>>> print(open('model_22.cif').read())   # mmCIF, C-alpha atoms
data_structure
#
loop_
_atom_site.label_atom_id
_atom_site.label_comp_id
_atom_site.auth_asym_id
_atom_site.auth_seq_id
_atom_site.Cartn_x
_atom_site.Cartn_y
_atom_site.Cartn_z
CA MET A 1 -3.66 -23.71 -30.46
CA SER A 2 -4.08 -21.51 -27.40
CA ALA A 3 -6.89 -18.93 -27.31
CA ILE A 4 -4.48 -16.65 -25.50
CA THR A 5 -3.06 -14.10 -27.91
CA VAL A 6 0.40 -12.56 -28.06
CA GLY A 7 0.47 -8.93 -29.12
CA ILE A 8 2.30 -5.66 -28.93
CA ALA A 9 1.71 -2.20 -27.50
CA LEU A 10 1.30 0.50 -30.14
CA VAL A 11 3.28 3.65 -29.39
CA PRO A 12 2.56 7.17 -30.66
CA HIS A 13 5.72 7.64 -32.68
CA PRO A 14 5.77 7.37 -36.49
CA ALA A 15 9.39 6.19 -36.93
CA THR A 16 9.02 3.49 -34.25
CA LEU A 17 5.74 2.32 -35.78
CA GLU A 18 7.36 2.12 -39.18
CA LEU A 19 10.36 0.13 -37.94
CA LEU A 20 8.07 -2.22 -36.04
CA GLY A 21 5.74 -2.70 -38.99
CA GLY A 22 6.44 -6.43 -39.28
CA ALA A 23 5.84 -7.01 -35.57
CA ILE A 24 2.69 -4.90 -35.55
CA HIS A 25 1.00 -6.06 -38.73
CA ASP A 26 2.27 -9.59 -39.30
CA LEU A 27 3.13 -11.07 -35.91
CA ALA A 28 0.96 -9.39 -33.28
CA GLN A 29 -2.35 -11.13 -32.64
CA HIS A 30 -3.65 -8.20 -30.65
CA TRP A 31 -2.78 -4.57 -30.03
CA SER A 32 -2.61 -2.83 -26.69
CA LEU A 33 -3.47 0.86 -26.92
CA THR A 34 -2.84 3.57 -24.36
CA PRO A 35 -5.99 5.60 -24.98
CA GLU A 36 -4.73 8.95 -23.69
CA THR A 37 -1.84 8.88 -26.18
CA LEU A 38 -4.51 8.96 -28.89
CA TRP A 39 -6.00 12.24 -27.64
CA ARG A 40 -5.21 15.90 -27.60
CA VAL A 41 -6.84 18.54 -25.45
CA GLU A 42 -8.45 21.57 -27.02
CA GLU A 43 -8.34 25.04 -25.50
CA SER A 44 -11.89 24.50 -24.21
CA GLY A 45 -10.59 21.49 -22.29
CA ALA A 46 -12.35 19.00 -24.57
CA LEU A 47 -10.50 15.75 -25.23
CA VAL A 48 -10.52 14.88 -28.92
CA PRO A 49 -8.88 12.13 -31.00
CA ASN A 50 -5.46 12.93 -32.44
CA GLY A 51 -3.78 11.68 -35.62
CA PHE A 52 -2.64 8.38 -34.07
CA HIS A 53 -6.25 7.61 -33.20
CA ALA A 54 -7.17 7.96 -36.87
CA GLN A 55 -4.13 5.95 -37.99
CA PHE A 56 -4.76 3.01 -35.65
CA ARG A 57 -8.45 3.09 -36.52
CA ARG A 58 -7.62 2.77 -40.22
CA TRP A 59 -5.22 -0.09 -39.50
CA ARG A 60 -7.86 -1.96 -37.53
CA GLU A 61 -10.50 -1.41 -40.19
CA ALA A 62 -8.11 -2.78 -42.83
CA ARG A 63 -7.12 -5.83 -40.78
CA PRO A 64 -9.43 -6.42 -37.79
CA ARG A 65 -7.47 -7.11 -34.65
CA ARG A 66 -8.29 -7.78 -31.02
CA CYS A 67 -7.63 -4.61 -28.98
CA VAL A 68 -7.19 -3.96 -25.27
CA ALA A 69 -6.75 -0.65 -23.48
CA HIS A 70 -4.00 0.09 -21.00
CA GLY A 71 -3.78 3.59 -19.60
CA VAL A 72 -1.54 5.44 -17.18
CA GLY A 73 -3.39 8.70 -16.57
CA PHE A 74 -6.66 7.74 -14.90
CA SER A 75 -4.87 7.60 -11.56
CA VAL A 76 -6.91 4.87 -9.90
CA GLY A 77 -5.48 5.56 -6.44
CA SER A 78 -6.15 9.31 -6.23
CA PRO A 79 -8.28 9.99 -3.14
CA THR A 80 -9.59 13.22 -4.72
CA ARG A 81 -11.70 12.19 -7.68
CA GLU A 82 -11.80 15.45 -9.72
CA ALA A 83 -15.26 14.55 -11.01
CA ALA A 84 -15.26 16.74 -14.14
CA ARG A 85 -11.87 15.41 -15.28
CA ARG A 86 -12.96 11.84 -14.71
CA ALA A 87 -16.26 12.31 -16.52
CA ALA A 88 -14.48 13.72 -19.58
CA TRP A 89 -11.94 10.90 -19.45
CA ILE A 90 -14.64 8.22 -19.25
CA GLU A 91 -16.65 9.79 -22.05
CA ARG A 92 -13.59 9.79 -24.32
CA LEU A 93 -12.73 6.21 -23.31
CA ARG A 94 -16.26 5.04 -24.12
CA ASP A 95 -15.98 6.49 -27.58
CA ASP A 96 -12.60 4.79 -28.07
CA ALA A 97 -14.07 1.50 -26.85
CA ARG A 98 -16.73 1.73 -29.57
CA VAL A 99 -14.05 2.37 -32.19
CA PHE A 100 -11.48 -0.18 -31.08
CA GLY A 101 -13.70 -2.74 -29.35
CA PHE A 102 -11.58 -2.89 -26.20
CA GLU A 103 -12.05 -6.28 -24.58
CA TRP A 104 -10.84 -4.95 -21.25
CA ILE A 105 -9.31 -1.83 -19.80
CA THR A 106 -6.53 -1.57 -17.27
CA ASP A 107 -4.52 1.23 -15.73
CA HIS A 108 -1.56 1.32 -13.37
CA LEU A 109 -1.78 0.76 -9.64
CA GLY A 110 -0.80 4.01 -7.96
CA ALA A 111 -1.61 7.69 -8.09
CA SER A 112 -0.27 9.72 -10.98
CA ARG A 113 -2.34 12.74 -10.04
CA LEU A 114 -2.62 13.96 -6.46
CA GLY A 115 -4.41 16.98 -5.07
CA GLY A 116 -5.14 18.13 -8.62
CA ARG A 117 -1.41 18.08 -9.49
CA GLU A 118 -0.23 16.09 -12.46
CA LEU A 119 2.75 13.97 -11.47
CA THR A 120 2.35 11.46 -14.35
CA LEU A 121 4.52 8.77 -12.72
CA PRO A 122 2.31 6.38 -10.72
CA LEU A 123 3.37 6.91 -7.11
CA PRO A 124 2.93 4.33 -4.36
CA LEU A 125 -0.28 4.12 -2.36
CA LEU A 126 -0.76 3.63 1.33
CA MET A 127 -1.59 -0.05 1.50
CA THR A 128 -4.70 0.34 3.67
CA ASP A 129 -8.39 -0.66 3.44
CA ALA A 130 -9.35 2.96 2.70
CA SER A 131 -6.85 3.13 -0.15
CA ALA A 132 -8.03 -0.19 -1.63
CA ALA A 133 -11.60 1.17 -1.50
CA VAL A 134 -10.49 4.19 -3.57
CA VAL A 135 -8.99 1.87 -6.20
CA ARG A 136 -12.17 -0.25 -6.28
CA THR A 137 -14.29 2.87 -6.81
CA SER A 138 -12.05 3.93 -9.71
CA LEU A 139 -12.33 0.48 -11.27
CA ASP A 140 -16.12 0.70 -10.97
CA GLU A 141 -15.97 3.94 -12.95
CA LEU A 142 -13.89 2.23 -15.64
CA ARG A 143 -16.60 -0.42 -15.97
CA ALA A 144 -18.54 2.15 -17.96
CA VAL A 145 -15.95 1.48 -20.68
CA ALA A 146 -15.60 -2.30 -20.52
CA PRO A 147 -17.00 -4.92 -18.13
CA ASP A 148 -13.56 -6.33 -17.40
CA VAL A 149 -11.21 -3.89 -15.70
CA GLY A 150 -7.99 -4.05 -13.80
CA VAL A 151 -4.69 -2.65 -12.64
CA GLU A 152 -1.08 -3.36 -13.46
CA ASN A 153 1.41 -4.06 -10.70
CA SER A 154 3.42 -0.86 -11.16
CA VAL A 155 7.06 -0.28 -10.42
CA PHE A 156 7.36 2.01 -7.43
CA TYR A 157 10.86 3.24 -6.78
CA PHE A 158 9.97 3.62 -3.12
CA HIS A 159 7.18 2.04 -1.12
CA LEU A 160 4.95 3.23 1.67
CA GLY A 161 5.27 0.00 3.59
CA ASP A 162 6.74 -3.38 2.75
CA PRO A 163 6.71 -4.31 -0.97
CA ARG A 164 5.97 -7.88 0.07
CA ASP A 165 2.56 -6.68 1.28
CA GLU A 166 1.58 -5.51 -2.20
CA GLY A 167 0.11 -8.89 -3.16
CA ALA A 168 -2.40 -8.71 -0.31
CA PHE A 169 -3.15 -5.09 -1.15
CA LEU A 170 -3.78 -6.01 -4.80
CA ARG A 171 -6.19 -8.73 -3.64
CA ALA A 172 -8.13 -6.12 -1.68
CA CYS A 173 -8.19 -3.77 -4.70
CA LEU A 174 -9.35 -6.55 -7.02
CA ARG A 175 -11.83 -8.37 -4.80
CA GLU A 176 -14.91 -7.54 -6.92
CA PRO A 177 -15.90 -9.84 -9.80
CA ARG A 178 -14.36 -9.06 -13.20
CA SER A 179 -11.52 -7.14 -11.58
CA HIS A 180 -8.19 -8.31 -12.94
CA LEU A 181 -4.46 -8.03 -12.55
CA LEU A 182 -2.30 -7.04 -15.47
CA LEU A 183 0.89 -8.81 -14.46
CA ASP A 184 3.95 -6.92 -15.64
CA VAL A 185 6.71 -9.46 -15.19
CA HIS A 186 9.52 -6.95 -15.65
CA ASN A 187 7.97 -4.83 -12.90
CA VAL A 188 8.14 -7.75 -10.48
CA TYR A 189 11.79 -8.27 -11.43
CA THR A 190 12.56 -4.55 -11.11
CA THR A 191 10.81 -4.16 -7.77
CA ALA A 192 12.63 -7.21 -6.42
CA LEU A 193 16.03 -5.99 -7.61
CA ASN A 194 15.54 -2.48 -6.24
CA ALA A 195 14.22 -3.72 -2.89
CA GLY A 196 16.81 -6.50 -2.51
CA LEU A 197 14.16 -9.24 -2.64
CA ASP A 198 13.92 -12.56 -4.42
CA ALA A 199 11.86 -12.02 -7.58
CA ARG A 200 10.27 -15.48 -7.47
CA GLU A 201 9.22 -15.06 -3.84
CA LEU A 202 7.73 -11.65 -4.63
CA PHE A 203 6.01 -13.09 -7.69
CA ASP A 204 4.39 -15.83 -5.60
CA THR A 205 2.71 -13.26 -3.32
CA LEU A 206 0.66 -11.85 -6.23
CA PRO A 207 -2.96 -12.84 -6.95
CA LEU A 208 -2.12 -14.95 -9.99
CA GLU A 209 -5.69 -16.24 -10.28
CA ARG A 210 -6.69 -12.66 -11.18
CA VAL A 211 -4.22 -12.24 -14.05
CA ILE A 212 -5.90 -11.42 -17.38
CA GLU A 213 -2.86 -10.14 -19.25
CA ILE A 214 0.92 -10.36 -18.97
CA HIS A 215 3.30 -7.60 -19.99
CA LEU A 216 6.83 -8.34 -21.12
CA SER A 217 9.43 -5.62 -21.40
CA GLY A 218 12.98 -4.67 -20.57
CA GLY A 219 14.74 -1.82 -18.84
CA VAL A 220 18.12 -0.50 -17.81
CA ASP A 221 19.88 0.74 -14.70
CA SER A 222 19.71 4.43 -13.91
CA ASP A 223 22.63 6.69 -14.76
CA PRO A 224 25.18 6.52 -11.89
CA ARG A 225 25.37 10.35 -11.99
CA TRP A 226 21.76 10.62 -10.82
CA LEU A 227 22.19 9.37 -7.25
CA PRO A 228 24.68 10.12 -4.47
CA GLY A 229 27.65 7.79 -4.39
CA GLY A 230 27.03 6.52 -7.91
CA ALA A 231 24.18 4.29 -6.72
CA THR A 232 21.75 3.01 -9.33
CA ARG A 233 18.22 1.66 -9.52
CA ARG A 234 16.77 -0.52 -12.23
CA LEU A 235 14.28 1.44 -14.30
CA ASP A 236 10.99 0.34 -15.82
CA SER A 237 12.07 2.07 -19.01
CA HIS A 238 10.88 -0.35 -21.73
CA ASP A 239 13.97 0.54 -23.74
CA ASP A 240 15.89 -2.70 -23.96
CA ALA A 241 15.52 -6.40 -24.64
CA VAL A 242 13.50 -8.56 -22.26
CA PRO A 243 16.18 -9.94 -19.88
CA GLU A 244 16.54 -13.67 -19.23
CA PRO A 245 15.30 -13.57 -15.60
CA VAL A 246 12.08 -12.00 -16.94
CA TRP A 247 11.66 -14.80 -19.46
CA GLU A 248 12.04 -17.24 -16.54
CA LEU A 249 9.34 -15.42 -14.59
CA TYR A 250 7.18 -15.41 -17.72
CA GLU A 251 7.34 -19.19 -17.87
CA ARG A 252 6.36 -19.31 -14.20
CA ALA A 253 3.46 -16.98 -14.96
CA LEU A 254 2.27 -19.10 -17.87
CA ARG A 255 2.08 -22.07 -15.52
CA GLY A 256 0.43 -20.15 -12.68
CA CYS A 257 -2.06 -17.77 -14.32
CA GLU A 258 -5.03 -19.97 -15.16
CA ASN A 259 -7.30 -17.10 -16.35
CA LEU A 260 -4.75 -15.50 -18.68
CA ARG A 261 -6.12 -14.11 -21.96
CA ALA A 262 -3.25 -12.15 -23.54
CA VAL A 263 0.49 -11.51 -23.48
CA THR A 264 1.72 -8.08 -24.60
CA LEU A 265 5.25 -7.03 -25.48
CA GLU A 266 6.06 -3.40 -24.70
CA ARG A 267 8.78 -1.25 -26.22
CA MET A 268 9.05 2.50 -25.67
CA GLU A 269 8.93 4.88 -28.61
CA GLN A 270 12.30 6.03 -29.96
CA THR A 271 14.14 3.04 -28.48
CA VAL A 272 14.00 0.92 -31.63
CA GLU A 273 16.81 2.47 -33.60
CA ASP A 274 17.22 0.35 -36.71
CA GLU A 275 16.15 -2.75 -38.59
CA ALA A 276 18.30 -4.97 -36.36
CA ASP A 277 16.46 -3.70 -33.27
CA ALA A 278 13.16 -4.26 -35.02
CA ARG A 279 14.14 -7.87 -35.84
CA SER A 280 14.99 -8.50 -32.19
CA VAL A 281 11.54 -7.24 -31.15
CA GLU A 282 10.01 -9.62 -33.70
CA ASP A 283 12.11 -12.44 -32.23
CA GLU A 284 10.81 -11.60 -28.76
CA LEU A 285 7.23 -11.83 -29.98
CA ARG A 286 7.96 -15.22 -31.54
CA ARG A 287 9.65 -16.42 -28.37
CA ALA A 288 6.71 -15.30 -26.21
CA ARG A 289 4.33 -17.19 -28.47
CA ARG A 290 6.50 -20.31 -28.64
CA MET A 291 6.74 -20.45 -24.85
CA LEU A 292 2.98 -19.93 -24.54
CA GLU A 293 2.31 -22.83 -26.90
CA LEU A 294 4.82 -25.06 -25.16
CA VAL A 295 3.45 -24.43 -21.69
CA ARG A 296 -0.27 -24.04 -22.38
CA GLY A 297 -0.69 -26.12 -25.52
CA MET P 1 -27.01 -4.04 22.25
CA ALA P 2 -24.27 -1.91 23.83
CA GLU P 3 -21.67 -4.24 22.33
CA VAL P 4 -23.17 -3.83 18.86
CA THR P 5 -23.19 -0.04 19.27
CA ASN P 6 -19.57 -0.08 20.44
CA ALA P 7 -18.50 -2.27 17.52
CA ALA P 8 -20.27 0.01 15.02
CA SER P 9 -18.71 3.06 16.63
CA SER P 10 -15.25 1.52 16.54
CA GLU P 11 -15.71 0.58 12.87
CA HIS P 12 -16.81 4.13 12.14
CA ASP P 13 -13.75 5.53 13.96
CA GLU P 14 -11.51 3.18 12.00
CA ARG P 15 -13.04 4.35 8.72
CA GLU P 16 -12.63 7.99 9.70
CA ARG P 17 -8.99 7.38 10.58
CA GLY P 18 -8.45 5.73 7.21
CA VAL P 19 -10.00 8.68 5.36
CA ALA P 20 -7.95 11.22 7.35
CA GLU P 21 -4.79 9.26 6.66
CA LEU P 22 -5.54 9.22 2.92
CA ALA P 23 -6.14 12.96 2.88
CA ALA P 24 -2.81 13.52 4.63
CA TYR P 25 -1.10 11.12 2.20
CA GLU P 26 -2.48 12.97 -0.81
CA GLN P 27 -1.52 16.42 0.47
CA LEU P 28 1.94 15.23 1.42
CA LEU P 29 2.85 13.49 -1.84
CA ALA P 30 1.36 16.27 -3.97
CA ARG P 31 3.42 18.85 -2.06
CA ALA P 32 6.56 16.72 -2.00
CA PHE P 33 6.63 15.86 -5.69
CA SER P 34 5.91 19.34 -6.88
CA SER P 35 8.76 20.69 -4.74
CA ARG P 36 12.48 20.82 -5.51
CA SER P 37 13.23 18.39 -2.68
CA PRO P 38 10.62 15.69 -2.15
CA LEU P 39 12.91 13.84 0.21
CA ALA P 40 13.14 16.79 2.60
CA VAL P 41 9.34 17.17 2.59
CA LEU P 42 8.79 13.46 3.27
CA ARG P 43 11.44 13.36 6.01
CA ALA P 44 9.87 16.36 7.72
CA ALA P 45 6.44 14.69 7.64
CA ARG P 46 7.92 11.49 9.05
CA ASP P 47 9.38 13.43 11.98
CA ASP P 48 6.27 15.56 12.55
CA ALA P 49 4.09 14.37 15.43
CA SER P 50 0.98 15.79 13.75
CA THR P 51 1.33 13.38 10.78
CA PRO P 52 -1.21 10.54 11.17
CA PRO P 53 0.49 7.54 12.82
CA GLY P 54 -0.20 5.16 9.90
CA LEU P 55 1.40 7.54 7.45
CA ARG P 56 4.39 8.15 9.74
CA GLU P 57 4.89 4.42 9.99
CA ALA P 58 4.72 4.06 6.20
CA LEU P 59 7.37 6.78 5.87
CA ALA P 60 9.66 5.19 8.44
CA LYS P 61 11.57 2.95 6.03
CA LEU P 62 11.67 5.14 2.95
CA ASP P 63 14.04 4.10 0.18
CA GLU P 64 15.60 7.54 -0.15
CA HIS P 65 17.29 6.76 -3.48
CA GLY P 66 13.91 5.59 -4.73
CA VAL P 67 12.36 8.92 -3.77
CA ARG P 68 15.15 10.74 -5.61
CA ILE P 69 14.67 8.63 -8.74
CA SER P 70 10.90 9.19 -8.61
CA SER P 71 11.43 12.92 -8.32
CA LEU P 72 13.78 12.97 -11.33
CA ILE P 73 11.28 11.02 -13.40
CA VAL P 74 8.36 13.27 -12.41
CA THR P 75 10.39 16.30 -13.48
CA ARG P 76 11.55 14.67 -16.70
CA LEU P 77 7.99 13.73 -17.67
CA ARG P 78 6.84 17.32 -17.29
CA PHE P 79 9.86 18.55 -19.25
CA GLU P 80 9.05 16.11 -22.09
CA ARG P 81 5.37 17.03 -21.99
CA LEU P 82 6.29 20.66 -22.48
CA LEU P 83 8.74 19.95 -25.31
CA ASN P 84 6.14 17.76 -27.01
CA GLY P 85 3.50 20.49 -26.83
CA SER P 86 5.35 23.75 -27.36
CA ARG P 87 7.22 24.57 -30.54
CA ARG P 88 8.62 27.65 -28.81
CA ALA P 89 10.01 25.53 -25.96
CA GLY P 90 11.46 23.01 -28.42
CA GLU P 91 13.19 25.65 -30.49
CA TRP P 92 14.50 27.38 -27.36
CA PHE P 93 15.89 24.08 -26.04
CA GLU P 94 17.58 23.36 -29.39
CA ARG P 95 19.16 26.81 -29.45
CA ASP P 96 20.13 27.16 -25.80
CA ALA P 97 19.70 23.99 -23.72
CA ALA P 98 21.19 25.47 -20.53
CA GLY P 99 19.16 28.67 -20.74
CA PHE P 100 15.96 26.77 -21.43
CA THR P 101 16.60 24.33 -18.59
CA ALA P 102 17.11 27.22 -16.16
CA ALA P 103 13.87 28.81 -17.36
CA PHE P 104 12.07 25.47 -17.02
CA LYS P 105 13.12 25.28 -13.38
CA ARG P 106 11.67 28.74 -12.77
CA TYR P 107 8.50 27.71 -14.59
CA GLN P 108 8.28 24.58 -12.48
CA ASP P 109 8.59 26.60 -9.27
CA ALA P 110 6.04 29.16 -10.40
CA VAL P 111 3.34 27.08 -12.07
CA GLU P 112 1.65 24.12 -10.38
CA PRO P 113 1.63 21.01 -12.56
CA LYS P 114 -2.01 20.82 -13.60
CA ALA P 115 -1.69 19.79 -17.24
CA SER P 116 -2.16 16.17 -18.25
CA PHE P 117 -1.54 16.76 -21.95
CA ALA P 118 1.21 18.37 -23.98
CA GLN P 119 -1.15 21.02 -25.37
CA ASP P 120 -2.29 22.35 -21.99
CA GLU P 121 1.27 22.26 -20.61
CA ALA P 122 2.29 24.36 -23.62
CA ARG P 123 -0.52 26.83 -22.96
CA ALA P 124 0.49 27.12 -19.30
CA PHE P 125 4.09 27.74 -20.37
CA GLU P 126 3.06 30.40 -22.89
CA ALA P 127 1.02 32.17 -20.22
CA TRP P 128 3.98 32.05 -17.82
CA CYS P 129 6.32 33.41 -20.49
CA ALA P 130 3.89 36.25 -21.14
CA ARG P 131 3.80 37.09 -17.42
CA GLU P 132 7.58 36.90 -17.12
CA GLY P 133 8.05 39.39 -19.95
CA PRO P 134 11.35 40.12 -21.75
CA SER P 135 13.47 37.78 -19.56
CA VAL P 136 11.95 34.79 -21.38
CA ALA P 137 11.39 36.49 -24.74
CA HIS P 138 12.99 33.77 -26.83
#
>>> encode(input="model_22.cif", output="structure tokens")
Amino acid sequence: MSAITVGIALVPHPATLELLGGAIHDLAQHWSLTPETLWRVEESGALVPNGFHAQFRRWREARPRRCVAHGVGFSVGSPTREAARRAAWIERLRDDARVFGFEWITDHLGASRLGGRELTLPLPLLMTDASAAVVRTSLDELRAVAPDVGVENSVFYFHLGDPRDEGAFLRACLREPRSHLLLDVHNVYTTALNAGLDARELFDTLPLERVIEIHLSGGVDSDPRWLPGGATRRLDSHDDAVPEPVWELYERALRGCENLRAVTLERMEQTVEDEADARSVEDELRRARRMLELVRG
Amino acid sequence: MAEVTNAASSEHDERERGVAELAAYEQLLARAFSSRSPLAVLRAARDDASTPPGLREALAKLDEHGVRISSLIVTRLRFERLLNGSRRAGEWFERDAAGFTAAFKRYQDAVEPKASFAQDEARAFEAWCAREGPSVAH
């Protein structure tokens, strides 16, 4: 039996949580939480736990479960630090880490906040030494929450440079000890499709020895009405089944990521519509676990 | 000794260039993605001789469709944040989707995106509505 666990991301949406009850409570060996979805902001600016925080806390108290944190709002690549915002964020995260026992914390590579403006979508970074130093500084701040920290290889719909250089850039961002890569396999597939690259070649450029966690998810193509000429881009939308090429990359990752500790299935809130959808998510969790056991023993 | 001094000075210059480039990057992307046309802003920076060379080079092979998609997603995320936080916005959207969407565009142009959470986006929207007066009295 592998010590690597297969789990699911908990989303802040009651109907989705209810439909996915079997996957969450019976099949998942760990839960991935996005801390900022468990907070609300008061008029004073204070970040306080919301109702999902209390709900997930009760669940974990009833049936203890390994938990990891995976955020999107810390904006590890923002050159301007916004010290007060960061301090409040870290304080809230530390409290959550005490409650949920986060084994590690990751966020997305990129900048979702720039010049004090909230853009929410992680945008691409300049792949330079100075930019990697900014990411390393952010990861050092996150170490106040958990000793193991990291970034996910995000999907960027455009790049500032060649996407094939991202592996080297990630190495520079993650060069300190206990700095990890959260390998989102669907993101590799999506980036490759959108940039006209071979997904396996792109995959092989990544620092696989740094991978602590794998994310599995699906997505769809953008609406042809969105872009001139009916062009489309594949979206990292987490709203569909994990496609076969992603399962193939997952097998490659299981063979190549020697320091892997967890595999997490992601599905966006409000995209599980009925019991049949919920069963297919359960099947995906079982498949991820079966493949893990076959490859890693 | 002179060689050591020169090497240190060159390293320092390199670091300074890197920092200046990052500052320009941050200003540019913040401005672009809170504008109606990020692509036009990025193209102008690419063609502007005062843009740091490293940034200009990075902008040289922009995937323009990718910029458009990113811009749509940034806007949609703010729209959803507002609907999640503001009952007034939600009810308005239910009642009059086109009217609300037009008002949202005006809000977006008028109010910088500072809010990370639904509650503070809602408060910013309420304040804007109050400033706008009867034209947004829904």
>>> closest_atom_pairs(input="model_22.cif", of="chain P", to="chain A", cutoff="9 Å", atoms="all atoms listed in the file", output="tab-separated table")
residue	atom	partner	partner_atom	distance
P:Arg15	CA	A:Ala130	CA	7.2
P:Gly18	CA	A:Ala130	CA	5.4
P:Val19	CA	A:Ala130	CA	6.3
P:Glu21	CA	A:Ala130	CA	8.7
P:Leu22	CA	A:Pro79	CA	6.7
P:Ala23	CA	A:Pro79	CA	7.0
P:Tyr25	CA	A:Leu126	CA	7.5
P:Glu26	CA	A:Leu114	CA	5.7
P:Gln27	CA	A:Gly115	CA	6.3
P:Leu29	CA	A:Leu114	CA	7.2
P:Ala30	CA	A:Leu114	CA	5.2
P:Arg31	CA	A:Gly115	CA	8.6
P:Phe33	CA	A:Leu119	CA	7.2
P:Ser34	CA	A:Leu119	CA	7.7
P:Gly54	CA	A:Leu126	CA	8.7
P:Leu55	CA	A:Leu126	CA	7.6
P:Glu57	CA	A:Gly161	CA	7.8
P:Ala58	CA	A:Leu160	CA	4.6
P:Leu59	CA	A:Leu160	CA	6.0
P:Ala60	CA	A:Gly161	CA	8.4
P:Lys61	CA	A:Gly161	CA	7.4
P:Leu62	CA	A:Phe158	CA	6.5
P:Asp63	CA	A:Phe158	CA	5.3
P:Glu64	CA	A:Phe158	CA	7.5
P:His65	CA	A:Leu227	CA	6.7
P:Gly66	CA	A:Tyr157	CA	4.4
P:Val67	CA	A:Phe158	CA	5.9
P:Arg68	CA	A:Leu227	CA	7.4
P:Ile69	CA	A:Tyr157	CA	6.9
P:Ser70	CA	A:Tyr157	CA	6.2
P:Leu72	CA	A:Trp226	CA	8.3
P:Ile73	CA	A:Leu121	CA	7.2
P:Val74	CA	A:Leu119	CA	5.7
P:Thr75	CA	A:Leu119	CA	8.2
P:Leu77	CA	A:Thr120	CA	6.9
P:Arg78	CA	A:Leu119	CA	7.9
P:Glu112	CA	A:Arg117	CA	6.8
P:Pro113	CA	A:Arg117	CA	5.2
P:Lys114	CA	A:Arg117	CA	5.0
P:Ala115	CA	A:Glu118	CA	6.2
P:Ser116	CA	A:Glu118	CA	6.1
P:Phe117	CA	A:Val41	CA	6.6
P:Ala118	CA	A:Arg40	CA	7.8
P:Gln119	CA	A:Val41	CA	6.2
P:Asp120	CA	A:Val41	CA	6.9
P:Arg123	CA	A:Glu43	CA	8.4
>>> atom_distance(input="model_22.cif", atom1="CA of Ala44 in chain P", atom2="CA of Thr190 in chain A")
28.3 Å
>>> atom_distance(input="model_22.cif", atom1="CA of His108 in chain A", atom2="CA of Asp223 in chain A")
24.8 Å
>>> atom_distance(input="model_22.cif", atom1="CA of His215 in chain A", atom2="CA of Glu266 in chain A")
6.9 Å
>>> residues_around(input="model_22.cif", residues="Arg86 in chain A", least_positions_apart="6", cutoff="10 Å", atoms="all atoms listed in the file", output="PyMOL selection string")
chain A and resi 74-75+92+138+141-142
>>> residues_around(input="model_22.cif", residues="Arg36 in chain P", least_positions_apart="2", cutoff="9 Å", atoms="all atoms listed in the file", output="PyMOL selection string")
chain P and resi 32-34+38+71+108-109
>>> write_last_selection(input="model_22.cif", atoms="C-alpha atoms", output="mmCIF file, in the coordinates of the input")
data_model
loop_
_atom_site.group_PDB
_atom_site.id
_atom_site.type_symbol
_atom_site.label_atom_id
_atom_site.label_comp_id
_atom_site.auth_asym_id
_atom_site.auth_seq_id
_atom_site.Cartn_x
_atom_site.Cartn_y
_atom_site.Cartn_z
ATOM 1 C CA ALA P 32 6.560 16.720 -2.000
ATOM 2 C CA PHE P 33 6.630 15.860 -5.690
ATOM 3 C CA SER P 34 5.910 19.340 -6.880
ATOM 4 C CA PRO P 38 10.620 15.690 -2.150
ATOM 5 C CA SER P 71 11.430 12.920 -8.320
ATOM 6 C CA GLN P 108 8.280 24.580 -12.480
ATOM 7 C CA ASP P 109 8.590 26.600 -9.270
#
>>> resolve_selection(input="model_22.cif", expression="the PyMOL selection byres ((chain A and resi 202-208) around 12)", output="PyMOL selection string")
chain A and resi 151-153+162-175+179-193+195-201+209-214+246+248-260
>>> residues_near_point(input="model_22.cif", point="(-4.3, -6.0, -37.0)", cutoff="9 Å", atoms="only C-alpha atoms", output="ChimeraX atom specification")
/A:24-26,28-31,59-67
>>> closest_residue(input="model_22.cif", among="P:Leu28, P:Glu11, P:Phe104, P:Ala130", to="Arg43 in chain P", atoms="all atoms listed in the file")
P:Leu28
>>> closest_residue(input="model_22.cif", among="A:Thr264, A:Phe52, A:Arg58, A:Thr106", to="Leu17 in chain A", atoms="all atoms listed in the file")
A:Phe52
>>> resolve_selection(input="model_22.cif", expression="the PyMOL selection byres ((chain A and resi 220) around 7)", output="list in words")
Gly219, Asp221, Ser222, Arg234, Leu235, Ser237 and Asp240 of chain A
>>> closest_residue(input="model_22.cif", among="A:Val145, A:Ala241, A:Ala9, A:Val135", to="Arg81 in chain A", atoms="only C-alpha atoms")
A:Val135
>>> residues_near_point(input="model_22.cif", point="(8.1, 22.1, -25.3)", cutoff="12 Å", atoms="only C-alpha atoms", output="PyMOL selection string")
chain P and resi 76-94+97+100-101+103-104+117-126
>>> axis_aligned_box(input="model_22.cif", around="range 129-135 of chain P", padding_each_side="6 Å", output="JSON")
{"center_x": 8.6, "center_y": 36.8, "center_z": -19.4, "size_x": 21.7, "size_y": 18.7, "size_z": 16.6}
